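Asks: data_23.pdb is reproduced below (PDB, C-alpha atoms).
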```pdb
ATOM      1  CA  MET A 243     127.578 150.018 125.098
ATOM      2  CA  LYS A 244     124.916 152.433 126.272
ATOM      3  CA  LYS A 245     121.708 152.637 124.265
ATOM      4  CA  PRO A 246     121.476 155.994 122.425
ATOM      5  CA  GLU A 247     119.127 158.534 123.915
ATOM      6  CA  SER A 248     115.723 158.580 122.260
ATOM      7  CA  PRO A 249     113.282 161.463 122.029
ATOM      8  CA  HIS A 250     110.755 158.972 123.447
ATOM      9  CA  GLN A 251     112.906 157.943 126.450
ATOM     10  CA  GLY A 252     110.753 157.347 129.529
ATOM     11  CA  ILE A 253     107.455 157.234 127.616
ATOM     12  CA  PRO A 254     105.500 154.039 128.377
ATOM     13  CA  THR A 255     105.688 151.848 125.278
ATOM     14  CA  GLU A 256     101.916 151.784 124.819
ATOM     15  CA  GLU A 257     101.989 155.571 124.513
ATOM     16  CA  LEU A 258     104.701 155.832 121.869
ATOM     17  CA  PRO A 259     103.599 157.857 118.852
ATOM     18  CA  ASP A 260     102.204 156.056 115.806
ATOM     19  CA  GLU A 261     104.959 157.474 113.568
ATOM     20  CA  LEU A 262     107.555 155.299 115.290
ATOM     21  CA  ASP A 263     109.211 153.250 112.550
ATOM     22  CA  TYR A 264     110.067 149.548 112.846
ATOM     23  CA  PHE A 265     113.638 150.226 113.991
ATOM     24  CA  ASP A 266     112.701 152.605 116.797
ATOM     25  CA  HIS A 267     109.742 150.410 117.734
ATOM     26  CA  ALA A 268     112.088 147.448 118.252
ATOM     27  CA  ALA A 269     114.750 149.570 119.957
ATOM     28  CA  GLN A 270     112.185 150.722 122.516
ATOM     29  CA  ARG A 271     110.938 147.215 123.321
ATOM     30  CA  LEU A 272     113.660 144.604 122.868
ATOM     31  CA  ASP A 273     116.700 143.908 124.990
ATOM     32  CA  LEU A 274     119.711 141.761 124.034
ATOM     33  CA  LYS A 275     118.047 138.470 125.052
ATOM     34  CA  ASP A 276     114.997 139.396 122.965
ATOM     35  CA  TRP A 277     117.176 140.188 119.942
ATOM     36  CA  LEU A 278     119.018 136.876 120.267
ATOM     37  CA  SER A 279     115.688 135.031 120.366
ATOM     38  CA  VAL A 280     114.354 136.912 117.356
ATOM     39  CA  ALA A 281     117.572 136.153 115.471
ATOM     40  CA  GLN A 282     117.029 132.432 116.075
ATOM     41  CA  VAL A 283     113.456 132.664 114.765
ATOM     42  CA  PHE A 284     114.680 134.237 111.529
ATOM     43  CA  HIS A 285     117.923 132.282 111.222
ATOM     44  CA  PRO A 286     117.434 128.906 112.866
ATOM     45  CA  ARG A 287     119.959 126.130 113.149
ATOM     46  CA  PHE A 288     119.448 122.696 111.653
ATOM     47  CA  VAL A 289     120.802 119.223 112.318
ATOM     48  CA  GLU A 290     121.298 116.393 109.863
ATOM     49  CA  VAL A 291     120.244 112.987 111.175
ATOM     50  CA  SER A 292     119.792 109.767 109.176
ATOM     51  CA  GLY A 293     119.581 111.694 105.904
ATOM     52  CA  CYS A 294     117.028 114.180 107.279
ATOM     53  CA  ILE A 295     117.573 117.874 107.829
ATOM     54  CA  ILE A 296     115.665 118.852 110.945
ATOM     55  CA  TRP A 297     115.050 122.200 112.612
ATOM     56  CA  GLU A 298     117.289 122.036 115.678
ATOM     57  CA  ARG A 299     114.477 123.116 118.021
ATOM     58  CA  ALA A 300     112.262 120.299 116.737
ATOM     59  CA  TYR A 301     114.936 117.637 117.076
ATOM     60  CA  GLU A 302     114.759 115.357 120.072
ATOM     61  CA  GLU A 303     116.460 111.996 119.585
ATOM     62  CA  ASN A 304     113.734 109.681 120.922
ATOM     63  CA  ASN A 305     110.948 111.554 119.137
ATOM     64  CA  PHE A 306     112.930 111.580 115.895
ATOM     65  CA  ASN A 307     113.603 107.826 116.158
ATOM     66  CA  GLU A 308     109.920 107.100 116.773
ATOM     67  CA  TRP A 309     108.853 109.060 113.685
ATOM     68  CA  TYR A 310     111.677 107.598 111.616
ATOM     69  CA  GLU A 311     110.555 104.052 112.485
ATOM     70  CA  LYS A 312     106.840 104.826 112.147
ATOM     71  CA  LEU A 313     107.427 106.319 108.684
ATOM     72  CA  ASN A 314     109.750 103.486 107.590
ATOM     73  CA  GLY A 315     112.769 105.748 107.194
ATOM     74  CA  ASP A 316     111.011 108.062 104.703
ATOM     75  CA  ALA A 317     113.184 111.154 105.203
ATOM     76  CA  THR A 318     110.765 113.498 103.424
ATOM     77  CA  ALA A 319     107.848 112.346 105.563
ATOM     78  CA  VAL A 320     109.884 112.724 108.766
ATOM     79  CA  GLU A 321     110.964 116.242 107.761
ATOM     80  CA  GLY A 322     107.364 117.062 106.896
ATOM     81  CA  ILE A 323     106.237 116.102 110.397
ATOM     82  CA  LEU A 324     109.047 117.675 112.415
ATOM     83  CA  ASN A 325     109.895 120.803 110.411
ATOM     84  CA  GLN A 326     106.809 122.828 111.200
ATOM     85  CA  PHE A 327     106.852 126.237 112.823
ATOM     86  CA  ARG A 328     103.312 127.121 113.830
ATOM     87  CA  LEU A 329     103.122 130.883 114.136
ATOM     88  CA  TRP A 330     100.421 130.656 116.806
ATOM     89  CA  GLN A 331     103.030 129.076 119.094
ATOM     90  CA  LEU A 332     105.005 132.310 118.939
ATOM     91  CA  ILE A 333     102.388 135.075 118.992
ATOM     92  CA  ASP A 334      98.732 135.594 119.815
ATOM     93  CA  ILE A 335      96.661 136.979 116.966
ATOM     94  CA  ASP A 336      93.228 138.531 117.251
ATOM     95  CA  GLU A 337      91.286 136.188 114.953
ATOM     96  CA  THR A 338      88.601 138.852 114.428
ATOM     97  CA  SER A 339      91.052 141.502 113.216
ATOM     98  CA  ALA A 340      91.606 141.477 109.451
ATOM     99  CA  PRO A 341      94.712 143.688 109.733
ATOM    100  CA  GLU A 342      96.261 141.344 112.307
ATOM    101  CA  LYS A 343      95.471 138.296 110.167
ATOM    102  CA  GLY A 344      97.150 140.017 107.211
ATOM    103  CA  SER A 345     100.167 140.917 109.322
ATOM    104  CA  GLU A 346     100.352 137.346 110.607
ATOM    105  CA  ARG A 347     100.506 136.019 107.047
ATOM    106  CA  ALA A 348     103.120 138.632 106.076
ATOM    107  CA  LEU A 349     105.263 137.685 109.090
ATOM    108  CA  ALA A 350     105.018 133.998 108.153
ATOM    109  CA  ARG A 351     106.211 134.806 104.610
ATOM    110  CA  GLU A 352     109.167 136.762 106.013
ATOM    111  CA  ILE A 353     110.168 133.946 108.351
ATOM    112  CA  SER A 354     109.817 131.427 105.525
ATOM    113  CA  PHE A 355     112.036 133.539 103.262
ATOM    114  CA  PHE A 356     114.808 133.634 105.853
ATOM    115  CA  TRP A 357     114.461 129.953 106.729
ATOM    116  CA  ARG A 358     114.971 129.065 103.081
ATOM    117  CA  ALA A 359     118.022 131.344 102.936
ATOM    118  CA  ALA A 360     119.423 129.731 106.103
ATOM    119  CA  LEU A 361     118.852 126.242 104.698
ATOM    120  CA  GLU A 362     120.414 127.080 101.336
ATOM    121  CA  SER A 363     123.404 128.649 103.068
ATOM    122  CA  ALA A 364     123.926 125.704 105.439
ATOM    123  CA  TYR A 365     123.288 123.052 102.751
ATOM    124  CA  PRO A 366     124.298 124.567  99.387
ATOM    125  CA  ASP A 367     124.288 121.153  97.699
ATOM    126  CA  ARG A 368     120.582 120.590  98.480
ATOM    127  CA  GLU A 369     117.314 122.043  97.268
ATOM    128  CA  PHE A 370     114.286 122.594  99.477
ATOM    129  CA  ASP A 371     110.528 122.607  99.092
ATOM    130  CA  GLY A 372     108.272 124.381 101.506
ATOM    131  CA  GLY A 373     107.031 127.718 102.595
ATOM    132  CA  VAL A 374     103.883 128.929 104.275
ATOM    133  CA  VAL A 375     100.859 126.666 104.578
ATOM    134  CA  ASP A 376      97.555 128.156 105.705
ATOM    135  CA  THR A 377      95.781 126.077 108.339
ATOM    136  CA  ASP A 378      92.693 126.600 110.483
ATOM    137  CA  ASP A 379      95.041 127.613 113.305
ATOM    138  CA  GLY A 380      96.963 130.092 111.176
ATOM    139  CA  PRO A 381     100.069 129.981 109.010
ATOM    140  CA  VAL A 382     102.644 127.210 109.403
ATOM    141  CA  ILE A 383     106.170 127.461 108.017
ATOM    142  CA  ARG A 384     107.312 124.077 106.684
ATOM    143  CA  PHE A 385     110.180 122.688 104.681
ATOM    144  CA  VAL A 386     111.573 119.415 103.364
ATOM    145  CA  VAL A 387     114.595 118.504 101.265
ATOM    146  CA  ARG A 388     113.682 118.134  97.587
ATOM    147  CA  ARG A 389     114.470 114.560  96.618
ATOM    148  CA  LEU A 390     114.149 112.754  93.290
TER     149      LEU A 390
END
```
Since I need it in another form, could you write the structure as C-alpha coordinates?
Replies:
Amino acid sequence: MKKPESPHQGIPTEELPDELDYFDHAAQRLDLKDWLSVAQVFHPRFVEVSGCIIWERAYEENNFNEWYEKLNGDATAVEGILNQFRLWQLIDIDETSAPEKGSERALAREISFFWRAALESAYPDREFDGGVVDTDDGPVIRFVVRRL
(Lines of atoms letter the chains of each structure in order from A and count residues from 1; the text may use other names and numbers.)
(Lines give C-alpha, C1' and ligand atoms only; values in the text may rest on other atoms or scores of the structure.)
Protein backbone atom coordinates (compact mmCIF):
# COMPACT_ATOMS: atom_id res chain seq x y z
CA MET A 1 0.00 0.00 0.00
CA LYS A 2 1.38 3.37 -1.00
CA LYS A 3 1.84 5.97 1.71
CA PRO A 4 -0.68 8.83 1.30
CA GLU A 5 0.67 12.04 -0.14
CA SER A 6 1.56 14.60 2.50
CA PRO A 7 1.65 18.37 2.15
CA HIS A 8 5.18 18.06 3.59
CA GLN A 9 6.37 15.43 1.07
CA GLY A 10 10.01 16.01 0.13
CA ILE A 11 10.73 18.42 2.99
CA PRO A 12 13.75 17.31 5.04
CA THR A 13 12.44 16.05 8.37
CA GLU A 14 14.41 18.61 10.38
CA GLU A 15 12.57 21.35 8.49
CA LEU A 16 9.04 20.09 9.06
CA PRO A 17 6.78 22.74 10.60
CA ASP A 18 6.29 22.82 14.37
CA GLU A 19 2.52 22.31 14.00
CA LEU A 20 3.06 18.74 12.83
CA ASP A 21 1.06 16.53 15.19
CA TYR A 22 2.30 13.23 16.63
CA PHE A 23 0.66 11.15 13.89
CA ASP A 24 2.14 13.10 10.99
CA HIS A 25 5.47 13.37 12.80
CA ALA A 26 5.66 9.57 13.03
CA ALA A 27 4.35 9.06 9.50
CA GLN A 28 7.15 11.26 8.15
CA ARG A 29 9.91 9.44 10.03
CA LEU A 30 9.07 5.78 10.60
CA ASP A 31 8.99 2.92 8.14
CA LEU A 32 7.44 -0.53 8.69
CA LYS A 33 10.51 -1.94 10.49
CA ASP A 34 10.52 1.09 12.80
CA TRP A 35 6.82 0.63 13.58
CA LEU A 36 7.33 -3.06 14.36
CA SER A 37 10.17 -2.16 16.74
CA VAL A 38 8.12 0.53 18.45
CA ALA A 39 5.22 -1.91 18.82
CA GLN A 40 7.52 -4.33 20.66
CA VAL A 41 8.67 -1.56 23.02
CA PHE A 42 5.07 -0.78 23.94
CA HIS A 43 3.74 -4.34 23.82
CA PRO A 44 6.57 -6.69 24.71
CA ARG A 45 6.42 -10.45 24.92
CA PHE A 46 7.14 -12.37 28.09
CA VAL A 47 8.24 -15.90 28.93
CA GLU A 48 7.46 -17.93 32.02
CA VAL A 49 10.41 -19.88 33.40
CA SER A 50 10.67 -21.61 36.79
CA GLY A 51 7.75 -19.60 38.17
CA CYS A 52 9.17 -16.28 36.93
CA ILE A 53 7.67 -14.05 34.28
CA ILE A 54 10.53 -12.51 32.35
CA TRP A 55 10.63 -9.91 29.59
CA GLU A 56 11.46 -11.98 26.51
CA ARG A 57 14.29 -9.64 25.46
CA ALA A 58 15.91 -10.01 28.88
CA TYR A 59 15.66 -13.78 28.94
CA GLU A 60 18.77 -15.75 28.12
CA GLU A 61 18.83 -19.26 29.56
CA ASN A 62 22.35 -19.30 31.05
CA ASN A 63 22.01 -15.80 32.52
CA PHE A 64 18.60 -16.65 33.96
CA ASN A 65 19.95 -19.86 35.54
CA GLU A 66 22.88 -18.00 37.09
CA TRP A 67 20.58 -15.41 38.69
CA TYR A 68 18.10 -18.07 39.75
CA GLU A 69 20.85 -20.01 41.55
CA LYS A 70 22.51 -16.90 42.99
CA LEU A 71 19.17 -15.71 44.39
CA ASN A 72 18.22 -19.17 45.72
CA GLY A 73 15.20 -19.51 43.45
CA ASP A 74 13.58 -16.29 44.73
CA ALA A 75 11.32 -15.58 41.74
CA THR A 76 10.57 -12.00 42.78
CA ALA A 77 14.26 -11.18 43.15
CA VAL A 78 15.07 -12.74 39.77
CA GLU A 79 12.26 -10.77 38.09
CA GLY A 80 13.48 -7.62 39.83
CA ILE A 81 16.95 -8.07 38.33
CA LEU A 82 15.99 -9.11 34.81
CA ASN A 83 12.80 -7.13 34.17
CA GLN A 84 14.33 -3.70 33.83
CA PHE A 85 13.99 -1.49 30.79
CA ARG A 86 16.42 1.39 31.12
CA LEU A 87 15.17 4.20 28.93
CA TRP A 88 18.70 5.47 28.31
CA GLN A 89 19.36 2.23 26.41
CA LEU A 90 16.72 3.27 23.89
CA ILE A 91 17.16 7.03 23.48
CA ASP A 92 19.69 9.75 24.19
CA ILE A 93 18.40 12.56 26.37
CA ASP A 94 20.00 15.96 26.81
CA GLU A 95 20.57 15.90 30.58
CA THR A 96 20.70 19.71 30.67
CA SER A 97 17.30 20.16 29.02
CA ALA A 98 14.41 20.31 31.49
CA PRO A 99 11.81 19.78 28.73
CA GLU A 100 13.63 16.67 27.50
CA LYS A 101 13.92 15.30 31.04
CA GLY A 102 10.17 15.84 31.48
CA SER A 103 9.43 14.16 28.17
CA GLU A 104 11.70 11.26 29.12
CA ARG A 105 9.73 10.71 32.33
CA ALA A 106 6.41 10.98 30.46
CA LEU A 107 7.58 8.42 27.89
CA ALA A 108 8.64 6.05 30.69
CA ARG A 109 5.17 6.34 32.26
CA GLU A 110 3.54 5.56 28.90
CA ILE A 111 5.72 2.51 28.34
CA SER A 112 5.05 1.33 31.89
CA PHE A 113 1.29 1.69 31.39
CA PHE A 114 1.37 -0.48 28.28
CA TRP A 115 3.72 -3.04 29.82
CA ARG A 116 1.29 -3.50 32.69
CA ALA A 117 -1.59 -3.88 30.23
CA ALA A 118 0.41 -6.45 28.23
CA LEU A 119 1.26 -8.39 31.39
CA GLU A 120 -2.32 -8.35 32.66
CA SER A 121 -3.59 -9.48 29.27
CA ALA A 122 -1.04 -12.31 28.95
CA TYR A 123 -1.39 -13.41 32.61
CA PRO A 124 -4.92 -12.51 33.75
CA ASP A 125 -4.64 -14.73 36.83
CA ARG A 126 -1.65 -12.76 38.18
CA GLU A 127 -1.13 -9.33 39.68
CA PHE A 128 1.95 -7.21 39.11
CA ASP A 129 3.93 -4.61 41.01
CA GLY A 130 6.19 -2.15 39.29
CA GLY A 131 6.27 0.94 37.22
CA VAL A 132 8.79 3.70 36.73
CA VAL A 133 11.76 4.05 39.06
CA ASP A 134 13.88 7.20 38.87
CA THR A 135 17.61 6.50 38.89
CA ASP A 136 20.70 8.65 38.41
CA ASP A 137 20.80 7.40 34.82
CA GLY A 138 17.16 8.20 34.15
CA PRO A 139 13.87 6.34 34.42
CA VAL A 140 13.76 2.54 34.53
CA ILE A 141 10.60 0.55 33.86
CA ARG A 142 10.42 -2.48 36.17
CA PHE A 143 7.92 -5.12 37.11
CA VAL A 144 7.56 -8.24 39.24
CA VAL A 145 4.71 -10.64 39.93
CA ARG A 146 2.90 -9.76 43.16
CA ARG A 147 3.26 -12.74 45.47
CA LEU A 148 1.94 -13.35 48.98
Asks: For this file, the PyMOL selection byres ((chain A and resi 358) around 10) selects which residues, as a VMD selection string?
Replies: chain A and resid 284 to 285 353 to 357 359 to 364 369 to 373 384 to 385
Asks: Once the PyMOL selection byres ((chain A and resi 379) around 9) has been applied to the shown file, what residues remain in the selection, as a PyMOL selection string?
Replies: chain A and resi 328-330+376-378+380-382
Asks: Report, as AutoDock Vina command-line options, the axis-aligned box around all atoms of stretch 284-293 of chain A present in the file, extended by 5 Å on each side; give centre and edge lengths in Å to one decimal place.
Replies:
```
--center_x 118.0 --center_y 122.0 --center_z 109.5 --size_x 16.6 --size_y 34.5 --size_z 17.2
```
Asks: Could you state which residues are captured by the PyMOL selection byres ((chain A and resi 346) around 9) in this file, as number ranges by chain?
Replies: A: 329, 333, 335, 341-345, 347-351, 380-381
Asks: Could you state the separation of atom CA of A:Ile296 and atom CA of A:Ala317 in Å, given to one decimal place?
Replies: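 Between atom CA of A:Ile296 and atom CA of A:Ala317 the gap is 9.9 Å.
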Asks: Figure out the distance between atom CA of A:Val320 and atom CA of A:Cys294, please, to one decimal in Å.
Replies: 7.4 Å
Asks: Please compute the atom CA of A:Val280-atom CA of A:Tyr365 distance, one decimal, in Å.
Replies: 22.0 Å
Asks: Quick one: of A:His267, A:Arg368, A:Arg287, A:Arg389, who's nearest to A:Ala300, counting all atoms listed in the file?
Replies: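 Going through A:His267, A:Arg368, A:Arg287, A:Arg389 one by one, the smallest distance to A:Ala300 is for A:Arg287.
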Asks: Of the candidates A:Leu313, A:Ile295, A:Val283, A:Ala340, which shows the shortest atom-to-atom distance to A:Asn325, using only C-alpha atoms?
Replies: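 Smallest separation from A:Asn325 among the options: A:Ile295.
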